[in-house]
file start_19.cif (mmCIF, C-alpha atoms and all ligand atoms)
data_run
#
loop_
_atom_site.label_atom_id
_atom_site.label_comp_id
_atom_site.auth_asym_id
_atom_site.auth_seq_id
_atom_site.Cartn_x
_atom_site.Cartn_y
_atom_site.Cartn_z
CA MET A 1 34.02 11.89 9.96
CA LYS A 2 32.46 12.73 13.32
CA ILE A 3 31.53 16.36 13.67
CA ILE A 4 30.00 18.49 16.42
CA MET A 5 28.41 21.86 15.66
CA LEU A 6 28.85 24.49 18.37
CA GLY A 7 27.33 27.96 18.48
CA ALA A 8 24.62 30.08 20.04
CA PRO A 9 20.96 29.36 19.28
CA GLY A 10 20.37 30.75 15.80
CA ALA A 11 24.05 30.86 14.82
CA GLY A 12 23.30 28.68 11.81
CA LYS A 13 24.32 25.26 13.14
CA GLY A 14 21.32 23.49 11.65
CA THR A 15 21.62 25.27 8.31
CA GLN A 16 25.28 24.28 7.99
CA ALA A 17 24.83 20.78 9.45
CA LYS A 18 22.27 19.96 6.73
CA ARG A 19 24.73 21.00 4.02
CA ILE A 20 27.57 19.05 5.64
CA ALA A 21 25.35 15.95 5.87
CA GLU A 22 24.52 16.24 2.17
CA LYS A 23 28.05 16.85 0.94
CA TYR A 24 29.75 14.16 3.00
CA THR A 25 26.79 11.71 2.96
CA ILE A 26 26.54 11.33 6.71
CA PRO A 27 23.43 11.66 8.91
CA HIS A 28 22.47 15.00 10.47
CA ILE A 29 21.47 14.38 14.08
CA SER A 30 19.65 17.32 15.68
CA THR A 31 18.55 16.83 19.28
CA GLY A 32 16.16 19.79 18.94
CA ASP A 33 14.50 18.08 15.95
CA ILE A 34 14.28 14.80 17.89
CA PHE A 35 12.57 16.59 20.81
CA ARG A 36 10.19 18.49 18.51
CA ALA A 37 9.24 15.24 16.75
CA ASN A 38 8.52 13.67 20.16
CA ILE A 39 6.41 16.66 21.19
CA LYS A 40 4.43 16.39 17.98
CA GLU A 41 3.84 12.68 18.53
CA GLY A 42 2.90 13.28 22.17
CA THR A 43 5.44 10.80 23.61
CA GLU A 44 6.47 10.77 27.29
CA LEU A 45 9.88 12.14 26.32
CA GLY A 46 8.21 14.91 24.34
CA LYS A 47 5.98 15.88 27.27
CA LYS A 48 8.94 16.06 29.64
CA ALA A 49 11.15 17.98 27.19
CA LYS A 50 8.46 20.53 26.31
CA THR A 51 8.24 22.01 29.81
CA TYR A 52 11.94 22.93 29.63
CA MET A 53 12.03 23.98 25.99
CA ASP A 54 9.10 26.38 26.36
CA GLN A 55 11.00 28.22 29.08
CA GLY A 56 14.20 28.43 27.03
CA LEU A 57 15.91 26.04 29.44
CA LEU A 58 17.95 22.97 28.60
CA VAL A 59 16.35 19.58 28.89
CA PRO A 60 18.12 17.66 31.71
CA ASP A 61 21.26 15.75 30.64
CA GLU A 62 19.79 12.36 31.58
CA LEU A 63 16.96 12.80 29.04
CA VAL A 64 19.34 13.45 26.17
CA VAL A 65 22.63 11.59 26.67
CA ASP A 66 21.41 7.98 26.26
CA LEU A 67 19.31 8.98 23.31
CA VAL A 68 22.33 10.37 21.44
CA VAL A 69 24.71 7.60 22.51
CA ASP A 70 22.23 5.05 21.10
CA ARG A 71 21.67 7.04 17.93
CA VAL A 72 25.37 7.32 17.01
CA GLN A 73 25.75 3.55 17.25
CA GLN A 74 23.15 2.84 14.56
CA ASP A 75 24.35 1.44 11.23
CA ASP A 76 23.93 4.64 9.24
CA CYS A 77 26.49 6.32 11.54
CA ALA A 78 29.32 3.93 10.66
CA ASN A 79 31.04 6.49 8.41
CA GLY A 80 30.37 9.41 10.71
CA TYR A 81 27.70 11.96 11.54
CA VAL A 82 27.16 15.60 12.26
CA LEU A 83 25.72 16.37 15.71
CA ASP A 84 23.70 19.57 15.87
CA GLY A 85 22.61 20.82 19.30
CA PHE A 86 24.50 18.17 21.25
CA PRO A 87 26.53 18.33 23.44
CA ARG A 88 25.27 21.46 25.16
CA THR A 89 26.84 21.01 28.60
CA ILE A 90 30.23 19.80 29.84
CA PRO A 91 28.68 16.64 31.40
CA GLN A 92 27.04 15.83 28.02
CA ALA A 93 30.42 16.22 26.27
CA GLU A 94 32.13 14.04 28.86
CA SER A 95 29.45 11.35 28.54
CA LEU A 96 29.77 11.34 24.76
CA ASP A 97 33.57 11.10 24.93
CA ALA A 98 33.37 8.27 27.45
CA ALA A 99 30.85 6.34 25.34
CA LEU A 100 32.95 6.80 22.19
CA ALA A 101 36.17 5.85 23.99
CA LYS A 102 34.58 2.51 24.94
CA LEU A 103 34.07 1.92 21.20
CA ASN A 104 37.67 3.00 20.49
CA ASP A 105 36.27 6.04 18.77
CA LYS A 106 36.36 9.85 19.09
CA VAL A 107 35.00 13.12 17.74
CA ASP A 108 37.11 14.52 14.86
CA TYR A 109 35.99 18.15 14.65
CA ALA A 110 34.07 20.62 16.81
CA ILE A 111 33.05 23.50 14.55
CA ASN A 112 32.12 26.70 16.35
CA VAL A 113 29.85 28.97 14.29
CA GLU A 114 30.59 32.36 15.78
CA VAL A 115 27.79 35.00 15.73
CA PRO A 116 27.45 37.91 18.21
CA ASP A 117 24.30 38.12 20.36
CA GLU A 118 23.04 41.29 18.60
CA ASN A 119 22.71 39.42 15.30
CA ILE A 120 21.06 36.43 16.94
CA ILE A 121 17.91 38.17 18.19
CA LYS A 122 17.25 39.56 14.70
CA ARG A 123 17.81 36.21 13.04
CA MET A 124 15.52 34.30 15.34
CA SER A 125 12.50 36.49 14.86
CA GLY A 126 12.81 35.83 11.11
CA ARG A 127 13.34 32.08 11.44
CA ARG A 128 10.50 29.92 10.13
CA ALA A 129 10.55 26.20 10.70
CA CYS A 130 8.80 23.24 9.15
CA LEU A 131 7.83 20.98 12.04
CA SER A 132 7.15 18.21 9.57
CA CYS A 133 10.57 17.76 7.92
CA GLY A 134 12.84 19.98 10.03
CA ALA A 135 13.71 22.45 7.24
CA THR A 136 14.42 26.03 8.36
CA TYR A 137 14.07 29.28 6.47
CA HIS A 138 14.52 32.97 7.15
CA ILE A 139 11.90 35.44 5.97
CA GLU A 140 14.62 37.81 4.66
CA HIS A 141 17.85 35.82 4.21
CA ILE A 142 16.61 32.40 3.15
CA PRO A 143 12.94 32.73 2.13
CA PRO A 144 10.90 29.73 0.95
CA LYS A 145 9.68 29.81 -2.67
CA VAL A 146 6.08 30.33 -1.49
CA GLU A 147 5.56 32.38 1.67
CA GLY A 148 4.69 30.22 4.67
CA VAL A 149 5.08 26.91 2.82
CA CYS A 150 7.96 24.41 3.09
CA ASP A 151 9.88 23.98 -0.22
CA THR A 152 10.68 20.38 0.63
CA CYS A 153 7.41 18.92 1.83
CA GLY A 154 4.71 21.53 1.23
CA LYS A 155 3.66 21.80 4.88
CA GLU A 156 3.02 25.03 6.78
CA LEU A 157 5.99 27.01 8.23
CA VAL A 158 5.78 28.31 11.79
CA LEU A 159 7.60 30.65 14.17
CA ARG A 160 8.78 28.25 16.87
CA ASP A 161 7.32 28.98 20.35
CA ASP A 162 10.84 29.28 21.73
CA ASP A 163 11.88 31.78 19.03
CA LYS A 164 9.83 34.61 20.57
CA PRO A 165 12.22 37.41 21.68
CA GLU A 166 11.78 36.92 25.47
CA THR A 167 12.59 33.22 25.20
CA VAL A 168 15.52 33.88 22.84
CA LYS A 169 17.09 36.16 25.47
CA LYS A 170 16.76 33.40 28.07
CA ARG A 171 18.24 30.84 25.67
CA LEU A 172 21.21 33.13 25.03
CA ASP A 173 21.84 33.39 28.79
CA VAL A 174 21.65 29.63 29.09
CA TYR A 175 24.03 29.31 26.12
CA HIS A 176 26.65 31.58 27.68
CA GLU A 177 26.40 29.86 31.02
CA GLN A 178 26.20 26.19 30.08
CA THR A 179 27.24 25.68 26.46
CA GLN A 180 29.97 28.24 25.72
CA PRO A 181 32.39 26.43 28.10
CA LEU A 182 32.47 23.65 25.49
CA ILE A 183 34.60 25.90 23.28
CA ASP A 184 37.48 25.65 25.80
CA TYR A 185 36.73 21.97 26.34
CA TYR A 186 37.22 21.09 22.65
CA ASN A 187 40.07 23.55 22.25
CA GLY A 188 41.82 21.60 24.99
CA LYS A 189 41.37 18.47 22.88
CA ASN A 190 42.82 20.25 19.81
CA ILE A 191 39.76 19.64 17.64
CA LEU A 192 38.14 23.09 17.83
CA LYS A 193 37.66 24.95 14.52
CA GLU A 194 36.10 28.42 14.32
CA VAL A 195 34.12 29.91 11.44
CA ASP A 196 32.65 33.40 11.08
CA GLY A 197 28.89 32.78 11.09
CA THR A 198 27.97 36.38 10.21
CA GLN A 199 28.90 35.77 6.57
CA ASP A 200 26.45 34.63 3.90
CA MET A 201 25.31 31.07 4.35
CA SER A 202 27.38 29.80 1.39
CA ASP A 203 30.56 31.58 2.54
CA VAL A 204 30.20 29.98 5.97
CA PHE A 205 29.85 26.63 4.23
CA ASN A 206 32.94 27.24 2.07
CA ASP A 207 34.97 27.90 5.22
CA ILE A 208 33.70 24.66 6.71
CA VAL A 209 34.66 22.71 3.59
CA LYS A 210 38.17 24.19 3.83
CA ILE A 211 38.38 22.65 7.31
CA LEU A 212 36.85 19.27 6.50
CA GLY A 213 38.40 18.86 3.05
CA GLU A 214 36.76 18.44 -0.37
P1 LIG A 301 18.63 25.97 18.24
O1 LIG A 301 18.79 25.24 16.93
O2 LIG A 301 17.90 27.22 18.08
O3 LIG A 301 19.92 26.12 18.98
P2 LIG A 301 17.58 23.48 19.13
O4 LIG A 301 16.58 23.08 18.13
O5 LIG A 301 18.94 22.87 19.03
O6 LIG A 301 17.69 25.05 19.14
O7 LIG A 301 17.04 23.19 20.60
C1 LIG A 301 15.78 23.65 21.02
C2 LIG A 301 15.63 23.33 22.50
O8 LIG A 301 15.70 21.91 22.69
C3 LIG A 301 16.71 23.90 23.40
O9 LIG A 301 16.46 25.22 23.78
C4 LIG A 301 16.65 22.92 24.59
O10 LIG A 301 15.54 23.20 25.42
C5 LIG A 301 16.36 21.59 23.90
N1 LIG A 301 17.62 20.86 23.58
C6 LIG A 301 18.07 20.53 22.36
N2 LIG A 301 19.24 19.85 22.45
C7 LIG A 301 19.53 19.76 23.77
C8 LIG A 301 20.61 19.19 24.51
N3 LIG A 301 21.65 18.59 23.91
N4 LIG A 301 20.56 19.30 25.87
C9 LIG A 301 19.55 19.89 26.48
N5 LIG A 301 18.51 20.45 25.86
C10 LIG A 301 18.49 20.40 24.50
P1 LIG A 302 20.73 27.10 14.77
O1 LIG A 302 20.56 25.68 14.30
O2 LIG A 302 22.16 27.40 15.15
O3 LIG A 302 19.78 27.49 15.84
P2 LIG A 302 19.62 27.86 12.17
O4 LIG A 302 20.45 27.10 11.20
O5 LIG A 302 18.25 27.37 12.41
O6 LIG A 302 20.45 28.06 13.55
O7 LIG A 302 19.56 29.40 11.68
C1 LIG A 302 18.85 30.38 12.43
C2 LIG A 302 18.13 31.33 11.47
O8 LIG A 302 19.08 32.12 10.74
C3 LIG A 302 17.30 30.60 10.40
O9 LIG A 302 16.17 31.40 10.11
C4 LIG A 302 18.25 30.51 9.21
O10 LIG A 302 17.52 30.43 8.00
C5 LIG A 302 19.01 31.83 9.33
N1 LIG A 302 20.42 31.72 8.89
C6 LIG A 302 21.24 30.65 8.96
N2 LIG A 302 22.48 30.94 8.48
C7 LIG A 302 22.44 32.24 8.11
C8 LIG A 302 23.42 33.15 7.55
N3 LIG A 302 24.69 32.78 7.29
N4 LIG A 302 23.00 34.41 7.33
C9 LIG A 302 21.73 34.82 7.61
N5 LIG A 302 20.78 34.02 8.13
C10 LIG A 302 21.12 32.75 8.38
ZN ZN A 303 9.01 20.54 5.40
#
call {"tool": "encode", "arguments": {"input": "start_19.cif", "output": "structure tokens"}}
result
Amino acid sequence: MKIIMLGAPGAGKGTQAKRIAEKYTIPHISTGDIFRANIKEGTELGKKAKTYMDQGLLVPDELVVDLVVDRVQQDDCANGYVLDGFPRTIPQAESLDAALAKLNDKVDYAINVEVPDENIIKRMSGRRACLSCGATYHIEHIPPKVEGVCDTCGKELVLRDDDKPETVKKRLDVYHEQTQPLIDYYNGKNILKEVDGTQDMSDVFNDIVKILGE
């Protein structure tokens, strides 16, 4: 099962993708997590990506497409995967489709997690992330067991630099301009599924399971 998560920054793509990955035993591939790991390790890719990410801008397509196309051809992806944060532009989607077509393959579902902009700004200021294992929490909705500490790995939780309100506004503009057109793109391919992302996390997940099957 090959799944793409669509939605504004903070819509809950990562939260749902992790649960999908667990339930269907497929890898969760988050391009944001891959970039943050590269930044942490100080790689060339990380250095390049950081200048864009800090401004709330997208990293250029050429820095992300090959990376994802390689990743989805690794052995653990044989039974499928859930892509979170990719594609984010029409050219990225076209490159992915072209690469999959060469392998006689295709995306099965594009799940759009729908959340209005008003809710997003509130959510992002409460998001806390573990830069060590990629887990995300929310200070009100999904708090960790111990404040400021990751349940999974015990490391410190942080407010991501790009989750400050000014940068979130920029990221929302970028989303509407460059990423939202993907909704029509996948609708045109008859694989678009919409879920109401304003519900509780577990209700959103139940709706997704209704789409993907038990
Ligand atoms: P969120 O989960 O809040 O939507 P991500 O972790 O997916 O944010 O992405 C953080 C940042 O990483 C983005 O704002 C962008 O700068 C960069 N990024 C992640 N994925 C992509 C992509 N597919 N194309 C371009 N930039 C990306
Ligand atoms: P995305 O990957 O789309 O950027 P996240 O999954 O990181 O979004 O979620 C953004 C923030 O909102 C996080 O703090 C997360 O814990 C919280 N969150 C996710 N889903 C819900 C939900 N259904 N209701 C309330 N808060 C949520
Ligand atoms: Zn952690």
call {"tool": "closest_atom_pairs", "arguments": {"input": "start_19.cif", "of": "stretch 11-96 of chain A", "to": "stretch 176-199 of chain A", "cutoff": "7 Å", "atoms": "all atoms listed in the file", "output": "JSON lines"}}
result
{"residue": "A:Ala11", "atom": "CA", "partner": "A:Gly197", "partner_atom": "CA", "distance": 6.4}
{"residue": "A:Gly12", "atom": "CA", "partner": "A:Gly197", "partner_atom": "CA", "distance": 7.0}
{"residue": "A:Arg88", "atom": "CA", "partner": "A:Thr179", "partner_atom": "CA", "distance": 4.8}
{"residue": "A:Thr89", "atom": "CA", "partner": "A:Thr179", "partner_atom": "CA", "distance": 5.2}
{"residue": "A:Ile90", "atom": "CA", "partner": "A:Leu182", "partner_atom": "CA", "distance": 6.2}
call {"tool": "residues_near_point", "arguments": {"input": "start_19.cif", "point": "(15.1, 37.3, 14.4)", "cutoff": "9 Å", "atoms": "all atoms listed in the file", "output": "PyMOL selection string"}}
result
chain A and resi 10+119-127+138+163-165
call {"tool": "closest_residue", "arguments": {"input": "start_19.cif", "among": "A:Lys155, A:Lys210, A:Arg36, A:Lys170", "to": "A:Leu57", "atoms": "only C-alpha atoms"}}
result
A:Lys170
call {"tool": "closest_residue", "arguments": {"input": "start_19.cif", "among": "A:Lys47, A:Arg128, A:His28, A:Lys102", "to": "A:Asp161", "atoms": "only C-alpha atoms"}}
result
A:Arg128
call {"tool": "residues_near_ligand", "arguments": {"input": "start_19.cif", "ligand": "ligand ZN 303 (chain A)", "cutoff": "7 Å", "atoms": "only C-alpha atoms and all ligand atoms", "output": "number ranges by chain"}}
result
A: 130-135, 150-155
call {"tool": "atom_distance", "arguments": {"input": "start_19.cif", "atom1": "atom CA of A:Ile211", "atom2": "atom CA of A:Pro27"}}
result
18.6 Å
call {"tool": "closest_residue", "arguments": {"input": "start_19.cif", "among": "A:Val149, A:Ile29, A:Leu83, A:Leu6", "to": "A:Val115", "atoms": "all atoms listed in the file"}}
result
A:Leu6
call {"tool": "decode", "arguments": {"input": "start_19.cif", "residues": "stretch 133-145 of chain A", "atoms": "all heavy atoms", "output": "mmCIF file, in the first residue's frame"}}
result
data_model
loop_
_atom_site.group_PDB
_atom_site.id
_atom_site.type_symbol
_atom_site.label_atom_id
_atom_site.label_comp_id
_atom_site.auth_asym_id
_atom_site.auth_seq_id
_atom_site.Cartn_x
_atom_site.Cartn_y
_atom_site.Cartn_z
ATOM 1 N N CYS A 133 14.251 11.366 17.935
ATOM 2 C CA CYS A 133 13.538 10.227 17.336
ATOM 3 C C CYS A 133 12.383 10.641 16.440
ATOM 4 O O CYS A 133 11.740 9.798 15.833
ATOM 5 C CB CYS A 133 13.043 9.274 18.414
ATOM 6 S SG CYS A 133 11.578 9.836 19.294
ATOM 7 N N GLY A 134 12.102 11.956 16.346
ATOM 8 C CA GLY A 134 11.057 12.405 15.427
ATOM 9 C C GLY A 134 9.652 12.416 16.032
ATOM 10 O O GLY A 134 8.693 12.792 15.362
ATOM 11 N N ALA A 135 9.497 12.002 17.283
ATOM 12 C CA ALA A 135 8.172 12.009 17.898
ATOM 13 C C ALA A 135 7.663 13.444 18.044
ATOM 14 O O ALA A 135 8.461 14.364 18.232
ATOM 15 C CB ALA A 135 8.235 11.343 19.270
ATOM 16 N N THR A 136 6.330 13.637 17.924
ATOM 17 C CA THR A 136 5.773 14.971 18.140
ATOM 18 C C THR A 136 4.664 14.912 19.183
ATOM 19 O O THR A 136 3.939 13.931 19.287
ATOM 20 C CB THR A 136 5.172 15.587 16.863
ATOM 21 O OG1 THR A 136 4.478 14.585 16.143
ATOM 22 C CG2 THR A 136 6.225 16.209 15.991
ATOM 23 N N TYR A 137 4.557 15.983 19.921
ATOM 24 C CA TYR A 137 3.574 16.085 20.997
ATOM 25 C C TYR A 137 2.878 17.426 20.858
ATOM 26 O O TYR A 137 3.279 18.273 20.065
ATOM 27 C CB TYR A 137 4.280 16.024 22.358
ATOM 28 C CG TYR A 137 5.078 14.753 22.531
ATOM 29 C CD1 TYR A 137 6.382 14.663 22.059
ATOM 30 C CD2 TYR A 137 4.510 13.640 23.133
ATOM 31 C CE1 TYR A 137 7.104 13.493 22.184
ATOM 32 C CE2 TYR A 137 5.233 12.469 23.269
ATOM 33 C CZ TYR A 137 6.523 12.397 22.796
ATOM 34 O OH TYR A 137 7.241 11.237 22.916
ATOM 35 N N HIS A 138 1.829 17.611 21.660
ATOM 36 C CA HIS A 138 1.194 18.926 21.744
ATOM 37 C C HIS A 138 0.972 19.220 23.217
ATOM 38 O O HIS A 138 0.445 18.366 23.940
ATOM 39 C CB HIS A 138 -0.132 18.952 20.982
ATOM 40 C CG HIS A 138 -0.668 20.336 20.843
ATOM 41 N ND1 HIS A 138 -1.321 20.978 21.880
ATOM 42 C CD2 HIS A 138 -0.600 21.213 19.821
ATOM 43 C CE1 HIS A 138 -1.644 22.198 21.477
ATOM 44 N NE2 HIS A 138 -1.228 22.366 20.231
ATOM 45 N N ILE A 139 1.375 20.429 23.646
ATOM 46 C CA ILE A 139 1.348 20.701 25.087
ATOM 47 C C ILE A 139 -0.059 20.537 25.682
ATOM 48 O O ILE A 139 -0.189 20.151 26.823
ATOM 49 C CB ILE A 139 1.963 22.070 25.453
ATOM 50 C CG1 ILE A 139 1.392 23.174 24.583
ATOM 51 C CG2 ILE A 139 3.484 22.043 25.324
ATOM 52 C CD1 ILE A 139 1.904 24.571 24.952
ATOM 53 N N GLU A 140 -1.119 20.794 24.868
ATOM 54 C CA GLU A 140 -2.472 20.601 25.404
ATOM 55 C C GLU A 140 -3.104 19.288 24.946
ATOM 56 O O GLU A 140 -3.661 18.542 25.738
ATOM 57 C CB GLU A 140 -3.398 21.728 24.938
ATOM 58 C CG GLU A 140 -3.218 23.023 25.704
ATOM 59 C CD GLU A 140 -3.886 24.172 24.954
ATOM 60 O OE1 GLU A 140 -5.019 23.988 24.469
ATOM 61 O OE2 GLU A 140 -3.237 25.236 24.826
ATOM 62 N N HIS A 141 -3.049 19.030 23.616
ATOM 63 C CA HIS A 141 -3.816 17.902 23.065
ATOM 64 C C HIS A 141 -3.141 16.556 23.249
ATOM 65 O O HIS A 141 -3.813 15.552 23.482
ATOM 66 C CB HIS A 141 -4.082 18.114 21.571
ATOM 67 C CG HIS A 141 -4.660 19.442 21.242
ATOM 68 N ND1 HIS A 141 -5.889 19.838 21.726
ATOM 69 C CD2 HIS A 141 -4.179 20.469 20.513
ATOM 70 C CE1 HIS A 141 -6.135 21.064 21.282
ATOM 71 N NE2 HIS A 141 -5.115 21.479 20.545
ATOM 72 N N ILE A 142 -1.819 16.538 23.101
ATOM 73 C CA ILE A 142 -1.104 15.259 23.147
ATOM 74 C C ILE A 142 0.158 15.445 23.976
ATOM 75 O O ILE A 142 1.274 15.414 23.476
ATOM 76 C CB ILE A 142 -0.769 14.786 21.708
ATOM 77 C CG1 ILE A 142 -2.052 14.753 20.844
ATOM 78 C CG2 ILE A 142 -0.085 13.412 21.702
ATOM 79 C CD1 ILE A 142 -1.820 14.819 19.355
ATOM 80 N N PRO A 143 0.006 15.684 25.305
ATOM 81 C CA PRO A 143 1.179 15.997 26.123
ATOM 82 C C PRO A 143 2.038 14.752 26.390
ATOM 83 O O PRO A 143 1.510 13.644 26.458
ATOM 84 C CB PRO A 143 0.567 16.499 27.438
ATOM 85 C CG PRO A 143 -0.804 15.921 27.485
ATOM 86 C CD PRO A 143 -1.249 15.668 26.081
ATOM 87 N N PRO A 144 3.350 14.943 26.529
ATOM 88 C CA PRO A 144 4.207 13.827 26.928
ATOM 89 C C PRO A 144 3.939 13.494 28.401
ATOM 90 O O PRO A 144 3.349 14.308 29.115
ATOM 91 C CB PRO A 144 5.618 14.391 26.751
ATOM 92 C CG PRO A 144 5.462 15.858 26.917
ATOM 93 C CD PRO A 144 4.095 16.209 26.409
ATOM 94 N N LYS A 145 4.358 12.320 28.840
ATOM 95 C CA LYS A 145 4.109 11.917 30.237
ATOM 96 C C LYS A 145 4.812 12.867 31.205
ATOM 97 O O LYS A 145 4.248 13.261 32.214
ATOM 98 C CB LYS A 145 4.584 10.481 30.469
ATOM 99 C CG LYS A 145 3.772 9.471 29.676
ATOM 100 C CD LYS A 145 3.956 8.042 30.204
ATOM 101 C CE LYS A 145 3.160 7.054 29.372
ATOM 102 N NZ LYS A 145 3.867 6.660 28.105
#
